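Participant: Input file: entry.txt. Contents: compact mmCIF, C-alpha atoms.
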```
# COMPACT_ATOMS: atom_id res chain seq x y z
CA MET N 139 -17.70 39.97 22.70
CA ILE N 140 -17.32 36.20 22.41
CA ARG N 141 -14.59 36.19 25.06
CA GLU N 142 -16.82 38.16 27.41
CA ASN N 143 -19.72 35.74 26.91
CA LEU N 144 -17.46 32.79 27.65
CA ARG N 145 -16.19 34.47 30.81
CA MET N 146 -19.75 35.14 31.99
CA GLY N 147 -20.78 31.56 31.24
CA ALA N 148 -17.85 30.12 33.18
CA SER N 149 -18.62 32.40 36.10
CA SER N 150 -22.28 31.30 36.09
CA ILE N 151 -21.26 27.64 36.14
CA ARG N 152 -18.98 28.20 39.13
CA ARG N 153 -21.73 30.00 41.05
CA ASN N 154 -24.47 27.40 40.26
CA PRO N 155 -22.77 23.99 39.87
CA LEU N 156 -25.92 21.96 40.67
CA ARG N 157 -28.09 23.76 38.12
CA SER N 158 -25.32 23.54 35.54
CA GLY N 159 -24.92 19.82 36.19
CA LEU N 160 -28.65 19.17 35.83
CA SER N 161 -28.76 21.18 32.60
CA THR N 162 -25.85 19.18 31.20
CA LEU N 163 -27.53 15.93 32.24
CA GLY N 164 -30.78 17.01 30.54
CA VAL N 165 -28.96 17.78 27.30
CA ALA N 166 -27.14 14.43 27.43
CA ILE N 167 -30.40 12.53 28.02
CA GLY N 168 -32.06 14.40 25.16
CA ILE N 169 -29.25 13.56 22.74
CA ALA N 170 -29.22 9.92 23.86
CA SER N 171 -33.00 9.69 23.35
CA VAL N 172 -32.79 11.10 19.83
CA VAL N 173 -29.97 8.69 18.94
CA ALA N 174 -31.93 5.72 20.39
CA VAL N 175 -35.13 6.60 18.50
CA ALA N 176 -33.16 7.08 15.28
CA SER N 177 -31.47 3.69 15.74
CA VAL N 178 -34.81 1.94 16.32
CA ALA N 179 -36.32 3.66 13.27
CA ASP N 180 -33.35 2.64 11.11
CA GLY N 181 -33.60 -0.94 12.34
CA LEU N 182 -37.33 -1.09 11.62
CA THR N 183 -36.78 0.38 8.15
CA GLU N 184 -34.15 -2.26 7.38
CA SER N 185 -36.44 -5.02 8.69
CA VAL N 186 -39.38 -3.92 6.54
CA ALA N 187 -37.13 -3.49 3.52
CA GLY N 188 -35.77 -6.98 4.08
CA GLU N 189 -39.26 -8.48 4.29
CA PHE N 190 -40.33 -6.85 1.06
CA GLY N 191 -37.02 -7.83 -0.48
CA ASP N 192 -37.74 -11.46 0.38
CA LEU N 193 -41.18 -11.13 -1.16
CA GLY N 194 -39.56 -9.64 -4.23
CA ALA N 195 -40.01 -6.37 -6.04
CA GLY N 196 -41.12 -8.34 -9.08
CA TYR N 197 -44.09 -9.95 -7.32
CA ILE N 198 -47.48 -8.94 -8.76
CA MET N 199 -50.87 -10.16 -7.54
CA GLY N 200 -54.11 -9.52 -9.36
CA THR N 201 -57.71 -10.40 -8.59
CA TRP N 202 -61.03 -8.96 -9.62
CA SER N 203 -64.51 -9.45 -8.22
CA PRO N 204 -67.42 -8.23 -10.32
CA PRO N 205 -70.25 -6.17 -8.83
CA ARG N 206 -72.98 -8.13 -7.07
CA ASP N 207 -75.36 -7.74 -10.01
CA ASP N 208 -72.77 -9.34 -12.30
CA VAL N 209 -72.42 -12.28 -9.92
CA ILE N 210 -76.17 -12.79 -9.96
CA ARG N 211 -76.10 -12.69 -13.77
CA ARG N 212 -73.21 -15.20 -13.69
CA ARG N 213 -70.77 -12.92 -15.45
CA SER N 214 -67.29 -14.33 -15.11
CA PHE N 215 -64.46 -13.44 -12.78
CA LEU N 216 -60.84 -13.49 -13.89
CA THR N 217 -60.02 -16.97 -15.15
CA VAL N 218 -56.91 -19.11 -15.50
CA ALA N 219 -57.12 -18.54 -19.26
CA ASP N 220 -56.99 -14.77 -18.66
CA GLY N 221 -53.84 -15.21 -16.58
CA GLU N 222 -52.19 -17.44 -19.17
CA ALA N 223 -52.96 -14.93 -21.92
CA ALA N 224 -51.39 -12.10 -19.89
CA PHE N 225 -48.37 -14.32 -19.15
CA ARG N 226 -47.82 -15.00 -22.85
CA GLU N 227 -47.97 -11.30 -23.70
CA ALA N 228 -45.70 -10.08 -20.87
CA SER N 229 -42.14 -10.90 -21.86
CA ALA N 230 -40.71 -9.59 -18.55
CA VAL N 231 -42.76 -12.03 -16.45
CA ALA N 232 -40.80 -15.16 -15.52
CA ALA N 233 -43.47 -17.17 -13.69
CA PHE N 234 -47.26 -17.28 -13.42
CA ASP N 235 -49.35 -18.94 -10.74
CA PRO N 236 -53.16 -19.03 -10.77
CA VAL N 237 -54.66 -19.55 -7.29
CA LEU N 238 -58.21 -20.76 -6.74
CA ASN N 239 -59.18 -20.24 -3.08
CA LEU N 240 -61.26 -23.01 -1.48
CA ARG N 241 -62.50 -23.81 2.01
CA PRO N 242 -63.22 -27.53 2.08
CA THR N 243 -63.69 -29.94 4.94
CA VAL N 244 -60.63 -32.21 5.07
CA ARG N 245 -60.92 -35.74 6.45
CA LEU N 246 -58.32 -38.42 7.20
CA GLY N 247 -59.87 -41.52 8.72
CA ASP N 248 -62.01 -40.37 11.64
CA GLU N 249 -60.28 -36.98 11.91
CA GLU N 250 -61.97 -34.01 10.26
CA ILE N 251 -60.95 -30.33 10.05
CA GLU N 252 -61.93 -27.30 7.99
CA LEU N 253 -59.04 -25.31 6.56
CA ALA N 254 -57.81 -23.36 3.56
CA ALA N 255 -57.12 -25.22 0.35
CA ASN N 256 -55.89 -23.70 -2.89
CA GLY N 257 -55.86 -24.84 -6.45
CA VAL N 258 -52.45 -23.73 -7.76
CA GLY N 259 -50.21 -24.01 -10.80
CA PRO N 260 -46.92 -25.92 -11.15
CA LEU N 261 -44.84 -22.74 -10.58
CA HIS N 262 -46.49 -21.94 -7.24
CA LEU N 263 -43.27 -22.46 -5.27
CA ASP N 264 -41.32 -20.13 -7.58
CA VAL N 265 -43.92 -17.37 -7.29
CA SER N 266 -44.86 -17.71 -3.61
CA GLY N 267 -41.38 -18.33 -2.21
CA LYS N 268 -42.53 -21.43 -0.31
CA THR N 269 -40.31 -24.50 -0.16
CA LEU N 270 -40.88 -28.23 -0.12
CA ALA N 271 -39.81 -30.30 2.88
CA ARG N 272 -40.34 -33.73 1.34
CA GLY N 273 -41.94 -35.50 -1.59
CA ARG N 274 -42.65 -33.68 -4.83
CA PHE N 275 -44.68 -30.69 -5.93
CA LEU N 276 -47.53 -30.54 -8.42
CA ASN N 277 -46.24 -30.69 -11.99
CA PRO N 278 -47.59 -29.86 -15.48
CA GLU N 279 -48.73 -33.46 -15.89
CA ASP N 280 -50.93 -33.09 -12.79
CA MET N 281 -52.46 -29.98 -14.38
CA ARG N 282 -53.00 -31.63 -17.75
CA ARG N 283 -54.50 -34.83 -16.35
CA ARG N 284 -56.39 -33.05 -13.55
CA THR N 285 -55.00 -35.50 -11.02
CA ARG N 286 -56.11 -35.71 -7.42
CA ALA N 287 -52.64 -35.11 -6.01
CA ALA N 288 -52.20 -32.89 -2.94
CA VAL N 289 -49.31 -31.07 -1.28
CA VAL N 290 -49.99 -30.32 2.39
CA GLY N 291 -48.61 -27.88 4.92
CA SER N 292 -46.63 -29.34 7.80
CA ALA N 293 -49.42 -28.56 10.29
CA VAL N 294 -52.16 -30.31 8.34
CA MET N 295 -51.02 -33.84 9.11
CA ASP N 296 -50.38 -32.88 12.75
CA GLU N 297 -54.02 -31.86 13.05
CA LEU N 298 -55.10 -35.06 11.32
CA GLY N 299 -53.34 -37.49 13.62
CA GLY N 300 -49.65 -36.54 13.49
CA LEU N 301 -48.37 -39.03 10.92
CA ALA N 302 -44.57 -39.20 10.69
CA ASP N 303 -44.60 -39.72 6.92
CA PRO N 304 -47.76 -38.48 5.20
CA ILE N 305 -46.55 -39.22 1.65
CA GLY N 306 -49.03 -41.60 0.05
CA GLU N 307 -51.77 -40.92 2.60
CA ARG N 308 -55.24 -40.21 1.25
CA LEU N 309 -57.35 -37.22 2.23
CA LEU N 310 -60.98 -36.45 1.56
CA LEU N 311 -61.64 -32.84 0.50
CA ASP N 312 -65.41 -32.33 0.59
CA GLY N 313 -65.76 -36.02 -0.16
CA VAL N 314 -63.25 -36.08 -3.05
CA LEU N 315 -60.27 -38.40 -2.51
CA PHE N 316 -56.74 -36.93 -2.91
CA THR N 317 -53.32 -38.54 -2.43
CA VAL N 318 -50.58 -36.65 -0.56
CA VAL N 319 -47.47 -36.35 -2.76
CA GLY N 320 -45.55 -33.61 -0.93
CA VAL N 321 -45.21 -31.63 2.31
CA LEU N 322 -44.41 -27.91 2.55
CA ALA N 323 -41.65 -26.65 4.83
CA ASP N 324 -42.51 -24.38 7.75
CA GLN N 325 -42.44 -20.67 6.96
CA GLU N 326 -39.55 -18.67 8.38
CA ARG N 327 -40.35 -16.17 11.13
CA GLY N 328 -40.51 -12.60 9.88
CA LEU N 329 -42.36 -9.29 10.15
CA PHE N 330 -45.32 -10.59 8.11
CA SER N 331 -45.22 -14.21 9.30
CA GLN N 332 -44.85 -15.75 12.74
CA GLY N 333 -42.89 -18.80 11.65
CA GLU N 334 -45.97 -20.96 12.12
CA PRO N 335 -46.40 -24.32 10.38
CA ASP N 336 -48.30 -24.12 7.11
CA GLU N 337 -51.98 -25.11 7.37
CA THR N 338 -52.75 -25.29 3.65
CA VAL N 339 -53.65 -28.02 1.19
CA LEU N 340 -52.55 -27.38 -2.40
CA ILE N 341 -54.11 -29.22 -5.35
CA PRO N 342 -53.86 -28.72 -9.14
CA VAL N 343 -55.82 -25.63 -10.17
CA THR N 344 -57.38 -27.57 -13.05
CA THR N 345 -58.65 -30.21 -10.63
CA ALA N 346 -59.96 -27.48 -8.33
CA GLU N 347 -61.91 -25.94 -11.20
CA ASP N 348 -63.39 -29.28 -12.19
CA ARG N 349 -64.19 -30.58 -8.71
CA PHE N 350 -65.05 -27.44 -6.77
CA GLY N 351 -65.70 -24.65 -9.27
CA GLN N 352 -68.74 -25.99 -11.07
CA GLY N 353 -71.85 -23.91 -10.61
CA ARG N 354 -70.06 -21.35 -8.44
CA ALA N 355 -68.87 -17.81 -9.07
CA THR N 356 -65.30 -18.64 -8.09
CA PRO N 357 -62.65 -15.91 -8.48
CA VAL N 358 -59.11 -16.83 -9.49
CA GLN N 359 -56.19 -14.89 -8.03
CA LEU N 360 -53.44 -14.33 -10.60
CA ASN N 361 -49.88 -14.14 -9.22
CA TYR N 362 -46.82 -13.26 -11.29
CA ARG N 363 -43.09 -12.91 -10.65
CA ALA N 364 -40.78 -10.96 -12.94
```
Can you dump the structure from the file as structure tokens?
Facilitator:
Amino acid sequence: MIRENLRMGASSIRRNPLRSGLSTLGVAIGIASVVAVASVADGLTESVAGEFGDLGAGYIMGTWSPPRDDVIRRRSFLTVADGEAAFREASAVAAFDPVLNLRPTVRLGDEEIELAANGVGPLHLDVSGKTLARGRFLNPEDMRRRTRAAVVGSAVMDELGGLADPIGERLLLDGVLFTVVGVLADQERGLFSQGEPDETVLIPVTTAEDRFGQGRATPVQLNYRA
């Protein structure tokens, strides 16, 4: 039976070579398409896995905003103290970084821009994965003394006049004077980032609470890394 089928198939191919050739070509194109799509899917999967791997499986972010009625009644958001308490109780957590999100007007001389600024803890680089290009980062002494030290993204000084060495320069954040002590490195290009220069100003979270958190319902974002 099988031999007969093979004989009939061979005979059909000899009688209709063009149709047989087109059929073979269609099958080949179909297989090639499936292989190409599978390769693209595998590559995308590896890329996404790599991005999340860089972020870290041990990265945890927590924030909580109370209902509007609670804001009106001035009930509190999550606080830095809440984050520190959780950090002390969680033995598997290696680093904790409280982040207070701000949106001040930044001024250097006659130049003025509005951009993101964050009050952060001394372990911000460990938790966020960012790196320092020059200078120093905010340390526990800055937190304790509530200093007006600032670490800026590489794009900030470009927008404020393009200084070659911003270390020691003084910025006004909503009228409060801060001294630049460090500069962040540009972020690497990836699936979730475009490799753009950092446009952030980082200040001690304790200073941010004192200078910008008074009288406001200001939520703190709590970031941890295991």
Participant: Please list as a list in words every residue within 12 Å of stretch 302-306 of chain N, counting all atoms listed in the file and excluding residues in the same chain fewer than 6 positions away.
Facilitator: Leu246, Ala271, Arg272, Gly273, Arg274, Phe275, Arg286, Ala287, Ala288, Val289, Val290, Gly291, Ser292, Ala293, Val294, Met295, Asp296, Leu315, Phe316, Thr317, Val318, Val319, Gly320, Val321 and Leu322 of chain N
Participant: For each of N:Leu263, N:Ala254, N:Leu340, N:Ala323, take the minimum atom-to-atom distance to N:Leu240, counting all atoms listed in the file, then give the residue where this is smallest.
Facilitator: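 Answer, going by the shortest atom-to-atom distance: N:Ala254.
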Participant: Compare N:Gly247, N:Pro278, N:Pro242, N:Gly257 by their minimum atom-to-atom distance to N:Leu311, counting only C-alpha atoms, and give me the closest one.
Facilitator: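 Checking each of N:Gly247, N:Pro278, N:Pro242, N:Gly257 against N:Leu311, counting only C-alpha atoms, the winner is N:Pro242.
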Participant: Work out how far apart atom CA of N:Val339 and atom CA of N:Val265 are and give it in Å to one decimal.
Facilitator: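 Taking atom CA of N:Val339 as the start and atom CA of N:Val265 as the end point, the length is 16.7 Å.
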Participant: Grab the atom CA of N:Glu279 to atom CA of N:Leu238 distance for me, in Å with one decimal place.
Facilitator: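 Straight-line distance from atom CA of N:Glu279 to atom CA of N:Leu238 works out to 18.3 Å.
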Participant: Considering all atoms listed in the file, can you say which of N:Glu307, N:Asp312, N:Asp348, N:Glu297 comes closest to N:Arg241?
Facilitator: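 Closest residue, counting all atoms listed in the file: N:Asp312.
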Participant: In Å, rounded to a single decimal, give me how far atom CA of N:Leu270 is from atom CA of N:Phe350.
Facilitator: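 Here the two named atoms are 25.1 Å from each other.
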Participant: Is it possible to add N, CA and C atoms to stretch 257-274 of chain N and hand it back as a PDB file, keeping the file's coordinate frame?
Facilitator:
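Below is the file part-v5.pdb, written as the result:
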```pdb
ATOM      1  N   GLY N 257     -56.272 -24.288  -5.183  1.00  0.00           N
ATOM      2  CA  GLY N 257     -55.860 -24.840  -6.450  1.00  0.00           C
ATOM      3  C   GLY N 257     -54.749 -23.950  -6.990  1.00  0.00           C
ATOM      4  N   VAL N 258     -53.602 -24.529  -7.332  1.00  0.00           N
ATOM      5  CA  VAL N 258     -52.450 -23.730  -7.760  1.00  0.00           C
ATOM      6  C   VAL N 258     -51.828 -24.335  -9.008  1.00  0.00           C
ATOM      7  N   GLY N 259     -50.932 -23.549  -9.626  1.00  0.00           N
ATOM      8  CA  GLY N 259     -50.210 -24.010 -10.800  1.00  0.00           C
ATOM      9  C   GLY N 259     -48.888 -24.651 -10.435  1.00  0.00           C
ATOM     10  N   PRO N 260     -48.178 -25.215 -11.425  1.00  0.00           N
ATOM     11  CA  PRO N 260     -46.920 -25.920 -11.150  1.00  0.00           C
ATOM     12  C   PRO N 260     -45.777 -25.008 -10.729  1.00  0.00           C
ATOM     13  N   LEU N 261     -45.895 -23.689 -10.967  1.00  0.00           N
ATOM     14  CA  LEU N 261     -44.840 -22.740 -10.580  1.00  0.00           C
ATOM     15  C   LEU N 261     -45.164 -22.032  -9.265  1.00  0.00           C
ATOM     16  N   HIS N 262     -46.067 -22.588  -8.488  1.00  0.00           N
ATOM     17  CA  HIS N 262     -46.490 -21.940  -7.240  1.00  0.00           C
ATOM     18  C   HIS N 262     -45.319 -21.687  -6.293  1.00  0.00           C
ATOM     19  N   LEU N 263     -44.404 -22.639  -6.169  1.00  0.00           N
ATOM     20  CA  LEU N 263     -43.270 -22.460  -5.270  1.00  0.00           C
ATOM     21  C   LEU N 263     -42.376 -21.313  -5.730  1.00  0.00           C
ATOM     22  N   ASP N 264     -42.157 -21.204  -7.042  1.00  0.00           N
ATOM     23  CA  ASP N 264     -41.320 -20.130  -7.580  1.00  0.00           C
ATOM     24  C   ASP N 264     -41.928 -18.767  -7.310  1.00  0.00           C
ATOM     25  N   VAL N 265     -43.247 -18.665  -7.436  1.00  0.00           N
ATOM     26  CA  VAL N 265     -43.920 -17.370  -7.290  1.00  0.00           C
ATOM     27  C   VAL N 265     -44.115 -17.019  -5.818  1.00  0.00           C
ATOM     28  N   SER N 266     -44.514 -17.987  -5.008  1.00  0.00           N
ATOM     29  CA  SER N 266     -44.860 -17.710  -3.610  1.00  0.00           C
ATOM     30  C   SER N 266     -43.652 -17.657  -2.683  1.00  0.00           C
ATOM     31  N   GLY N 267     -42.546 -18.284  -3.088  1.00  0.00           N
ATOM     32  CA  GLY N 267     -41.380 -18.330  -2.210  1.00  0.00           C
ATOM     33  C   GLY N 267     -41.419 -19.454  -1.194  1.00  0.00           C
ATOM     34  N   LYS N 268     -42.456 -20.288  -1.224  1.00  0.00           N
ATOM     35  CA  LYS N 268     -42.530 -21.430  -0.310  1.00  0.00           C
ATOM     36  C   LYS N 268     -41.545 -22.508  -0.754  1.00  0.00           C
ATOM     37  N   THR N 269     -41.231 -23.411   0.155  1.00  0.00           N
ATOM     38  CA  THR N 269     -40.310 -24.500  -0.160  1.00  0.00           C
ATOM     39  C   THR N 269     -40.930 -25.838   0.224  1.00  0.00           C
ATOM     40  N   LEU N 270     -40.373 -26.888  -0.352  1.00  0.00           N
ATOM     41  CA  LEU N 270     -40.880 -28.230  -0.120  1.00  0.00           C
ATOM     42  C   LEU N 270     -39.982 -28.942   0.878  1.00  0.00           C
ATOM     43  N   ALA N 271     -40.583 -29.577   1.875  1.00  0.00           N
ATOM     44  CA  ALA N 271     -39.810 -30.300   2.880  1.00  0.00           C
ATOM     45  C   ALA N 271     -39.547 -31.744   2.459  1.00  0.00           C
ATOM     46  N   ARG N 272     -40.511 -32.349   1.797  1.00  0.00           N
ATOM     47  CA  ARG N 272     -40.340 -33.730   1.340  1.00  0.00           C
ATOM     48  C   ARG N 272     -41.323 -34.022   0.217  1.00  0.00           C
ATOM     49  N   GLY N 273     -41.067 -35.130  -0.491  1.00  0.00           N
ATOM     50  CA  GLY N 273     -41.940 -35.500  -1.590  1.00  0.00           C
ATOM     51  C   GLY N 273     -41.714 -34.640  -2.817  1.00  0.00           C
ATOM     52  N   ARG N 274     -42.736 -34.477  -3.606  1.00  0.00           N
ATOM     53  CA  ARG N 274     -42.650 -33.680  -4.830  1.00  0.00           C
ATOM     54  C   ARG N 274     -43.762 -32.648  -4.851  1.00  0.00           C
TER      55      ARG N 274
END
```
